[in-house]
Structures are given as structure tokens and as C-alpha cells.
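Structure file structure.txt (compact mmCIF, C-alpha atoms and all ligand atoms) follows.
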```txt
# COMPACT_ATOMS: atom_id res chain seq x y z
CA MET A 3 31.74 -47.27 -19.02
CA PRO A 4 29.89 -48.60 -15.96
CA GLY A 5 32.80 -47.28 -13.89
CA ARG A 6 32.39 -43.80 -15.31
CA LEU A 7 28.67 -43.96 -14.84
CA SER A 8 28.95 -44.87 -11.21
CA ALA A 9 31.56 -42.15 -10.75
CA ILE A 10 29.08 -39.67 -12.14
CA ALA A 11 26.36 -41.17 -9.97
CA THR A 12 28.60 -40.81 -6.93
CA ALA A 13 29.43 -37.24 -7.90
CA VAL A 14 25.74 -36.44 -8.33
CA LEU A 15 24.97 -38.05 -5.01
CA LEU A 16 27.76 -36.12 -3.32
CA VAL A 17 26.46 -32.86 -4.78
CA ALA A 18 22.97 -33.79 -3.69
CA LEU A 19 24.21 -34.53 -0.19
CA ALA A 20 26.40 -31.45 -0.16
CA VAL A 21 23.60 -29.03 -1.02
CA PRO A 22 21.45 -29.50 2.10
CA ALA A 23 24.56 -29.34 4.25
CA HIS A 24 25.43 -25.89 2.91
CA ALA A 25 21.91 -24.64 2.43
CA ALA A 26 21.18 -21.61 4.48
CA THR A 27 18.01 -19.76 5.35
CA ILE A 28 18.11 -16.10 4.45
CA GLU A 29 15.67 -13.87 6.26
CA ILE A 30 14.19 -10.85 4.54
CA THR A 31 11.91 -8.56 6.49
CA MET A 32 8.97 -6.55 5.30
CA GLU A 33 8.14 -3.79 7.73
CA ASN A 34 6.39 -0.47 7.20
CA LEU A 35 6.29 -1.33 3.52
CA GLU A 36 10.06 -1.55 3.32
CA ILE A 37 11.86 -4.69 2.23
CA SER A 38 15.14 -5.24 4.01
CA PRO A 39 17.68 -6.11 2.86
CA LYS A 40 16.64 -4.67 -0.47
CA ASP A 41 19.45 -6.51 -2.14
CA ALA A 42 20.00 -10.07 -0.88
CA SER A 43 22.43 -12.72 -2.06
CA ALA A 44 21.89 -16.46 -1.81
CA LYS A 45 22.82 -19.74 -3.43
CA VAL A 46 20.73 -22.32 -5.24
CA GLY A 47 19.37 -24.65 -2.56
CA ASP A 48 19.09 -21.89 0.05
CA THR A 49 15.75 -21.00 1.53
CA ILE A 50 14.46 -17.45 1.52
CA GLU A 51 12.20 -16.62 4.41
CA TRP A 52 10.22 -13.41 4.06
CA ILE A 53 8.97 -12.17 7.39
CA ASN A 54 6.01 -9.83 7.11
CA LYS A 55 5.89 -7.68 10.24
CA ASP A 56 3.15 -5.43 8.88
CA VAL A 57 -0.56 -5.56 9.58
CA PHE A 58 -0.94 -5.51 5.80
CA ALA A 59 -0.72 -8.47 3.46
CA HIS A 60 2.20 -8.38 1.02
CA THR A 61 3.56 -10.64 -1.69
CA ALA A 62 7.03 -11.42 -3.00
CA THR A 63 6.40 -11.65 -6.72
CA ALA A 64 9.20 -12.21 -9.22
CA ARG A 65 9.14 -9.96 -12.28
CA ASN A 66 10.24 -12.91 -14.43
CA GLY A 67 7.43 -15.11 -13.10
CA ASP A 68 9.74 -17.47 -11.18
CA PHE A 69 7.86 -17.14 -7.89
CA ASP A 70 4.86 -15.52 -6.25
CA VAL A 71 4.85 -15.94 -2.48
CA ASN A 72 1.84 -14.72 -0.51
CA LEU A 73 2.65 -13.10 2.81
CA PRO A 74 -0.45 -12.52 4.94
CA ALA A 75 -0.28 -9.89 7.67
CA LYS A 76 2.17 -10.82 10.46
CA LYS A 77 3.08 -14.09 8.69
CA SER A 78 6.14 -15.51 7.01
CA GLY A 79 6.57 -17.31 3.72
CA THR A 80 9.43 -19.39 2.38
CA LEU A 81 10.88 -20.32 -0.96
CA VAL A 82 13.64 -22.80 -1.82
CA LEU A 83 15.84 -21.38 -4.58
CA LYS A 84 16.11 -23.70 -7.56
CA LYS A 85 17.67 -21.57 -10.24
CA ALA A 86 20.60 -19.16 -10.39
CA GLY A 87 20.20 -15.61 -11.59
CA THR A 88 19.29 -12.11 -10.53
CA VAL A 89 15.61 -11.77 -9.87
CA ASP A 90 13.80 -8.49 -9.26
CA TYR A 91 10.66 -8.91 -7.23
CA TYR A 92 7.91 -6.69 -5.86
CA CYS A 93 4.67 -6.73 -3.92
CA ARG A 94 1.58 -7.07 -6.09
CA PHE A 95 -0.51 -5.10 -3.61
CA HIS A 96 2.04 -2.31 -3.17
CA PRO A 97 4.18 -2.22 -6.29
CA ASN A 98 6.32 0.49 -4.68
CA MET A 99 7.84 -2.31 -2.57
CA LYS A 100 10.73 -3.55 -4.69
CA ALA A 101 13.84 -5.64 -4.05
CA THR A 102 16.39 -7.90 -5.72
CA LEU A 103 17.60 -11.44 -5.09
CA ARG A 104 21.03 -12.46 -6.41
CA ILE A 105 21.08 -16.24 -6.66
CA GLU A 106 24.46 -17.84 -7.24
CA PRO A 107 24.78 -21.38 -8.59
CA MET B 8 -9.18 18.09 -5.01
CA PHE B 9 -7.95 18.48 -1.50
CA VAL B 10 -5.30 21.04 -2.32
CA ARG B 11 -7.59 22.92 -4.64
CA TRP B 12 -10.26 23.02 -1.99
CA SER B 13 -7.84 24.26 0.65
CA ALA B 14 -6.70 27.01 -1.67
CA ALA B 15 -10.31 27.94 -2.38
CA ILE B 16 -11.15 28.16 1.30
CA ALA B 17 -8.02 30.13 2.03
CA ALA B 18 -8.91 32.52 -0.79
CA ALA B 19 -12.48 32.85 0.49
CA ILE B 20 -11.26 33.66 3.96
CA LEU B 21 -8.76 36.16 2.63
CA LEU B 22 -11.43 37.86 0.56
CA SER B 23 -14.00 37.97 3.32
CA SER B 24 -11.84 39.77 5.85
CA PRO B 25 -8.18 40.63 6.25
CA ALA B 26 -8.62 40.10 9.98
CA LEU B 27 -9.16 36.41 9.28
CA LEU B 28 -5.66 35.99 7.90
CA GLN B 29 -4.90 34.09 11.03
CA GLY B 30 -7.77 31.77 10.18
CA ALA B 31 -6.31 31.12 6.76
CA ARG B 32 -3.03 30.17 8.30
CA ALA B 33 -4.78 27.89 10.76
CA ALA B 34 -6.59 26.21 7.87
CA ASP B 35 -3.23 25.53 6.23
CA LYS B 36 -1.85 23.88 9.31
CA PRO B 37 -4.33 21.46 10.85
CA THR B 38 -3.93 20.31 14.45
CA ASP B 39 -3.23 16.69 15.39
CA PRO B 40 -6.88 15.93 16.29
CA GLN B 41 -7.90 17.37 12.92
CA ILE B 42 -5.18 15.48 11.07
CA ALA B 43 -6.29 12.23 12.72
CA HIS B 44 -9.85 12.95 11.60
CA ILE B 45 -8.82 13.76 8.03
CA ALA B 46 -6.65 10.63 7.73
CA TYR B 47 -9.39 8.42 9.17
CA THR B 48 -12.01 10.00 6.89
CA ALA B 49 -9.77 9.48 3.87
CA GLY B 50 -9.61 5.77 4.77
CA VAL B 51 -13.36 5.47 5.30
CA ILE B 52 -13.98 7.06 1.90
CA ASP B 53 -11.86 4.47 0.16
CA ILE B 54 -13.48 1.66 2.16
CA ASN B 55 -16.93 2.83 1.04
CA ALA B 56 -15.76 3.07 -2.55
CA ALA B 57 -14.38 -0.48 -2.29
CA LYS B 58 -17.65 -1.80 -0.85
CA GLN B 59 -19.53 -0.28 -3.76
CA ALA B 60 -17.03 -1.81 -6.18
CA GLN B 61 -17.40 -5.24 -4.60
CA LYS B 62 -21.08 -5.12 -5.45
CA LYS B 63 -20.79 -3.59 -8.89
CA ALA B 64 -17.43 -4.49 -10.41
CA ARG B 65 -17.34 -7.10 -13.16
CA ASN B 66 -13.65 -7.47 -13.99
CA LYS B 67 -11.83 -9.88 -11.66
CA ASP B 68 -8.74 -7.65 -11.29
CA VAL B 69 -10.99 -4.76 -10.32
CA LYS B 70 -12.78 -6.95 -7.78
CA ALA B 71 -9.45 -8.10 -6.35
CA PHE B 72 -8.23 -4.51 -6.19
CA ALA B 73 -11.35 -3.45 -4.27
CA GLU B 74 -10.74 -6.28 -1.83
CA ASP B 75 -7.14 -5.11 -1.32
CA MET B 76 -8.32 -1.56 -0.64
CA LEU B 77 -10.85 -2.77 1.89
CA ARG B 78 -8.31 -4.91 3.71
CA ASP B 79 -5.52 -2.30 3.80
CA HIS B 80 -7.63 0.71 4.71
CA GLU B 81 -9.41 -1.19 7.46
CA ALA B 82 -5.99 -2.17 8.82
CA VAL B 83 -4.70 1.42 8.68
CA ASN B 84 -7.81 2.80 10.33
CA LYS B 85 -7.66 0.17 13.04
CA GLN B 86 -4.12 1.34 13.78
CA ALA B 87 -5.22 4.95 13.68
CA LEU B 88 -8.00 4.29 16.18
CA ALA B 89 -5.62 2.43 18.48
CA LEU B 90 -3.18 5.33 18.30
CA VAL B 91 -5.68 8.10 19.05
CA LYS B 92 -6.93 6.05 21.98
CA LYS B 93 -3.38 5.59 23.25
CA LEU B 94 -2.59 9.28 22.81
CA ASN B 95 -5.93 10.25 24.30
CA VAL B 96 -6.70 12.38 21.27
CA THR B 97 -10.27 12.88 20.12
CA PRO B 98 -10.36 13.21 16.33
CA GLU B 99 -11.90 16.54 15.50
CA ASP B 100 -14.19 17.06 12.55
CA ASN B 101 -13.13 19.93 10.34
CA ASP B 102 -13.81 21.58 7.01
CA THR B 103 -11.28 19.46 5.15
CA SER B 104 -12.88 16.22 6.38
CA LYS B 105 -16.30 17.59 5.50
CA ALA B 106 -15.21 18.61 2.00
CA LEU B 107 -13.61 15.21 1.43
CA SER B 108 -16.76 13.39 2.55
CA GLU B 109 -19.01 15.58 0.45
CA GLN B 110 -16.96 15.02 -2.67
CA ALA B 111 -16.84 11.31 -1.95
CA SER B 112 -20.59 10.94 -1.65
CA GLU B 113 -21.04 12.81 -4.91
CA LYS B 114 -18.60 10.40 -6.53
CA LEU B 115 -20.39 7.37 -5.05
CA ALA B 116 -23.69 8.62 -6.48
CA GLU B 117 -22.07 9.25 -9.85
CA LEU B 118 -20.49 5.78 -9.97
CA ASP B 119 -23.74 4.19 -8.81
CA LYS B 120 -25.34 5.14 -12.13
CA LEU B 121 -22.75 3.16 -14.05
CA SER B 122 -22.50 -0.59 -14.53
CA GLY B 123 -20.32 -3.26 -16.09
CA ALA B 124 -17.13 -2.21 -17.84
CA ALA B 125 -18.05 1.47 -17.58
CA PHE B 126 -18.22 1.19 -13.80
CA ASP B 127 -14.94 -0.75 -13.62
CA LYS B 128 -13.15 1.91 -15.64
CA ALA B 129 -14.61 4.83 -13.72
CA TYR B 130 -13.96 3.25 -10.32
CA VAL B 131 -10.31 2.51 -11.09
CA ALA B 132 -9.77 5.94 -12.66
CA ASN B 133 -11.21 7.54 -9.55
CA GLU B 134 -9.01 5.36 -7.33
CA VAL B 135 -5.93 6.63 -9.18
CA ALA B 136 -7.07 10.24 -8.84
CA TYR B 137 -8.19 9.86 -5.24
CA HIS B 138 -4.96 8.23 -4.05
CA LYS B 139 -2.98 10.90 -5.88
CA THR B 140 -4.94 13.61 -4.09
CA VAL B 141 -4.56 12.03 -0.68
CA ASN B 142 -0.84 11.45 -1.27
CA GLY B 143 -0.43 15.11 -2.14
CA ALA B 144 -2.27 16.14 1.02
CA LEU B 145 -0.25 13.75 3.18
CA GLU B 146 3.07 14.88 1.74
CA THR B 147 2.54 18.60 1.63
CA GLN B 148 0.14 19.21 4.49
CA LEU B 149 -0.70 16.44 6.92
CA ILE B 150 2.74 14.92 7.57
CA PRO B 151 4.56 18.28 7.90
CA SER B 152 1.80 19.60 10.20
CA ALA B 153 1.65 16.60 12.54
CA SER B 154 3.36 17.37 15.82
CA ASN B 155 3.10 14.00 17.59
CA ALA B 156 5.91 11.69 16.44
CA GLU B 157 3.76 8.54 16.49
CA LEU B 158 1.02 10.20 14.49
CA LYS B 159 3.62 11.44 12.00
CA SER B 160 5.05 7.95 11.67
CA LEU B 161 1.60 6.41 11.12
CA LEU B 162 0.93 9.00 8.43
CA GLN B 163 4.24 8.16 6.80
CA THR B 164 3.28 4.49 6.68
CA GLY B 165 -0.11 5.58 5.37
CA LEU B 166 1.61 7.54 2.61
CA LYS B 167 3.61 4.49 1.54
CA ILE B 168 0.44 2.38 1.53
CA PHE B 169 -1.42 4.99 -0.51
CA GLN B 170 1.49 5.34 -2.94
CA GLY B 171 1.43 1.57 -3.35
CA HIS B 172 -2.30 1.66 -3.99
CA GLN B 173 -1.88 4.43 -6.54
CA GLN B 174 0.64 2.34 -8.48
CA HIS B 175 -1.55 -0.73 -8.14
CA ALA B 176 -4.57 1.24 -9.41
CA GLU B 177 -2.54 2.62 -12.33
CA HIS B 178 -1.54 -0.92 -13.20
CA VAL B 179 -5.16 -2.15 -13.10
CA ALA B 180 -6.25 0.88 -15.15
CA ALA B 181 -3.65 0.07 -17.80
CA GLU B 182 -4.86 -3.54 -17.95
CA LEU B 183 -8.45 -2.42 -18.51
CA LYS B 184 -7.53 -0.60 -21.72
CU CU C 201 2.72 -4.98 -0.01
```
Show me the file's structure as C-alpha cells.
Ligand SMILES: [Cu+2]
Amino acid sequence: MPGRLSAIATAVLLVALAVPAHAATIEITMENLEISPKDASAKVGDTIEWINKDVFAHTATARNGDFDVNLPAKKSGTLVLKKAGTVDYYCRFHPNMKATLRIEP
Amino acid sequence: MFVRWSAAIAAAILLSSPALLQGARAADKPTDPQIAHIAYTAGVIDINAAKQAQKKARNKDVKAFAEDMLRDHEAVNKQALALVKKLNVTPEDNDTSKALSEQASEKLAELDKLSGAAFDKAYVANEVAYHKTVNGALETQLIPSASNAELKSLLQTGLKIFQGHQQHAEHVAAELK
């Protein structure tokens, strides 16, 4: 029993150690009210960095309520992905700005 | 409003003298200095409406919306001013700008008489209608008429901003119901 427990603990620890090693930063640009790439893929543990190149403030707001990142004019914002799934997001100020994040486990 | 007004002016010119046909065509296709003036005026109108709303609005989403309009339109107009300076273009006042301004001041006066929830509703409804009108003008008239590539591109960005605002306003309007 203790052996199994410590094996699990080791496995958990290994996973925990493994995640930062593989974690990537995915850059998504907002320019001229276009989000690019419109369709981005990432893994849990990765960081999304939205780079707002516009002189207008934008947001990256998940339709399912998972996140709401404020992106002031000419500023970036980041988010560490915690949960797998496909999330549609948009800008609250300009709801015509729409994109999708595919988050793999 | 914009399109209807243009049609009315064109009709008036046509009726007054066949020799002014050329004038009617010119009215349909504004020059770059006129386009710059119209676009700038359209921004100023929405900024003034937002300033009024900041003073009078009660609902917090309406207040936030007014703040967004102020911020975005000031940013667009700042870019527009920088561009006309760079291109050495002097924005030229014209009948379309005048008609837009006139209608806007009538609307401001009308909204000024309202307060509370009635004001909120009327302001947002007008924002939906106004952005729709400007989008129509940008799409059908201003963008196709612009000859300078940078001006055209700024107008295209402006169109996307205005389309965003229209959707945002529609969303706020739906929430108010
Ligand atoms: Cu936006």
C-alpha cells in the first residue's frame, strides 16, 4: 500500500515536473481587429499570449466563462491553460472579433 | 439616414437642373479630403453622444458602453488626424458632413430631454441605428470612393470598429429589455 502510494506520488511528481518542461507559449496577435491565428491549438499547461497591436483596447473573453483577459491598446496579456476543451472566445468591445482555442489534455 | 439624405440631395439636384447631373455624380463620389472630413465628423458625433451618455446614463452597462465609444472613436480620430497630416490633406467640409452634424445635434437635443432608463434605452437604440448608418456609408460610399490606399485602409479598420460597436450596442440593447 505505501509502495503504491509513493509510486503514485512519484508519478504525480513526474507529471508535475514534465508539464513545465513541455509547456509552450503560443502567441496570438490582434491587429486591425483581426485575431490571428483564428484557430489555435495548445495543451494544458501552455501559456497563451495575446499581443494587441491595435491602438484600441480588446479582450479575449471565453464564451463559456473560463477566462476574460483584458488587452489594453498596444499591450499583451497571458493566460495559463488549466483545462482541456475547445473554447470559443471573442472581444467584449468588438464582438465581431471571434476565435477558437483547441486545448488538448 | 446618410444614404437617404444622399439620395434626397441627388434627387433635388436632378430636379433643379439637368445641367447639374455632373453635380449629382460628384455628390455620390466624395473626394479624399471630403471623405476624411466625413469620417472624422462621424467619429466626433459618436464622441459627443458618449459624453452626453456619461453624464446621463444610469445603467452600468450603458455607462461602460459609452466609455468604450469614447475611447475607440478618440483613437480612430487621432489616427485619422495623423494620416491627413502625413498625406498633407486638408479635410474639406461638405454637405454630407453638415447633414450628419445637423442630425446629430437634433438627436442630442432630443436625448437631453430624457432621463434614467428612458435615456439609456434611447441612447443605445440610437447607437445601433447610427453605427448601422455609418457602416452602410463606409461600405457603399466612402471606402469605394477613397483613392488613397492608406485612407482606404484606415476606413476599412474604421468599418470593422464600427461593426464591432454595432454588435456591442445590439447586445447592450438586448440586455436592457
Ligand atoms: Cu476588440
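Across the structure, CA of Ala64 (chain B) and CA of Asp127 (chain B) are spaced 5.5 Å apart.
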**Message:** So that I can see what lies close to Pro107 (chain A), please list as JSON, numbers by chain the residues with an atom at most 8 Å from it, counting all atoms listed in the file and leaving out residues fewer than 6 positions away in the same chain.
**Reply:** {"A": [45, 46, 85, 86, 87]}
**Message:** For ligand CU 201 (chain C), return the neighbouring residues as a PyMOL selection string (distance at most 9 Å; all atoms listed in the file).
**Reply:** (chain A and resi 32+35-36+56+58-62+73+92-99) or (chain B and resi 168+171)
Atoms kept (C-alpha atoms) for selection, written as an mmCIF file, in the frame of the given file:
```
data_model
loop_
_atom_site.group_PDB
_atom_site.id
_atom_site.type_symbol
_atom_site.label_atom_id
_atom_site.label_comp_id
_atom_site.auth_asym_id
_atom_site.auth_seq_id
_atom_site.Cartn_x
_atom_site.Cartn_y
_atom_site.Cartn_z
ATOM 1 C CA MET A 32 8.970 -6.550 5.300
ATOM 2 C CA LEU A 35 6.290 -1.330 3.520
ATOM 3 C CA GLU A 36 10.060 -1.550 3.320
ATOM 4 C CA ASP A 56 3.150 -5.430 8.880
ATOM 5 C CA PHE A 58 -0.940 -5.510 5.800
ATOM 6 C CA ALA A 59 -0.720 -8.470 3.460
ATOM 7 C CA HIS A 60 2.200 -8.380 1.020
ATOM 8 C CA THR A 61 3.560 -10.640 -1.690
ATOM 9 C CA ALA A 62 7.030 -11.420 -3.000
ATOM 10 C CA LEU A 73 2.650 -13.100 2.810
ATOM 11 C CA TYR A 92 7.910 -6.690 -5.860
ATOM 12 C CA CYS A 93 4.670 -6.730 -3.920
ATOM 13 C CA ARG A 94 1.580 -7.070 -6.090
ATOM 14 C CA PHE A 95 -0.510 -5.100 -3.610
ATOM 15 C CA HIS A 96 2.040 -2.310 -3.170
ATOM 16 C CA PRO A 97 4.180 -2.220 -6.290
ATOM 17 C CA ASN A 98 6.320 0.490 -4.680
ATOM 18 C CA MET A 99 7.840 -2.310 -2.570
ATOM 19 C CA ILE B 168 0.440 2.380 1.530
ATOM 20 C CA GLY B 171 1.430 1.570 -3.350
#
```
10 Å contacts from chain B to chain A using all atoms listed in the file, as a tab-separated table (two decimals) with C-alpha atoms, in the frame of the given file:
```tsv
chain	number	residue	atom	x	y	z
B	71	ALA	CA	-9.45	-8.10	-6.35
B	72	PHE	CA	-8.23	-4.51	-6.19
B	75	ASP	CA	-7.14	-5.11	-1.32
B	76	MET	CA	-8.32	-1.56	-0.64
B	78	ARG	CA	-8.31	-4.91	3.71
B	79	ASP	CA	-5.52	-2.30	3.80
B	80	HIS	CA	-7.63	0.71	4.71
B	81	GLU	CA	-9.41	-1.19	7.46
B	82	ALA	CA	-5.99	-2.17	8.82
B	83	VAL	CA	-4.70	1.42	8.68
B	85	LYS	CA	-7.66	0.17	13.04
B	86	GLN	CA	-4.12	1.34	13.78
B	160	SER	CA	5.05	7.95	11.67
B	161	LEU	CA	1.60	6.41	11.12
B	163	GLN	CA	4.24	8.16	6.80
B	164	THR	CA	3.28	4.49	6.68
B	165	GLY	CA	-0.11	5.58	5.37
B	167	LYS	CA	3.61	4.49	1.54
B	168	ILE	CA	0.44	2.38	1.53
B	169	PHE	CA	-1.42	4.99	-0.51
B	170	GLN	CA	1.49	5.34	-2.94
B	171	GLY	CA	1.43	1.57	-3.35
B	172	HIS	CA	-2.30	1.66	-3.99
B	173	GLN	CA	-1.88	4.43	-6.54
B	174	GLN	CA	0.64	2.34	-8.48
B	175	HIS	CA	-1.55	-0.73	-8.14
B	176	ALA	CA	-4.57	1.24	-9.41
B	178	HIS	CA	-1.54	-0.92	-13.20
```
**Prompt:** When you draw a straight line from CA of Lys120 (chain B) to CA of Ser104 (chain B), how long is it in Å?
**Reply:**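 So the two atoms, CA of Lys120 (chain B) and CA of Ser104 (chain B), lie 24.9 Å apart.
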**Request:** Determine the nearest neighbour of Pro40 (chain B) from the options B:Lys92, B:Lys58, B:Lys184, B:Lys128, counting all atoms listed in the file.
**Result:**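 For Pro40 (chain B), the nearest of the candidates is B:Lys92.
Of note, CA of Thr97 (chain B) and CA of Ile45 (chain B) are spaced 12.2 Å apart.
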**Asked** For Glu113 (chain B), which residue out of B:Glu99, B:Asn66, B:Ala156, B:Ala56 is the nearest one, using all atoms listed in the file?
**Response**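 The closest residue to Glu113 (chain B) is B:Ala56.
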**Request:** Mind checking which residues fall within 12 Å of Glu29 (chain A), counting only C-alpha atoms, ignoring those fewer than 3 positions away in the same chain, and posting them as an NGL selection string?
**Result:** :A and (26 or 32 or 37-44 or 48-54 or 78-81 or 103)
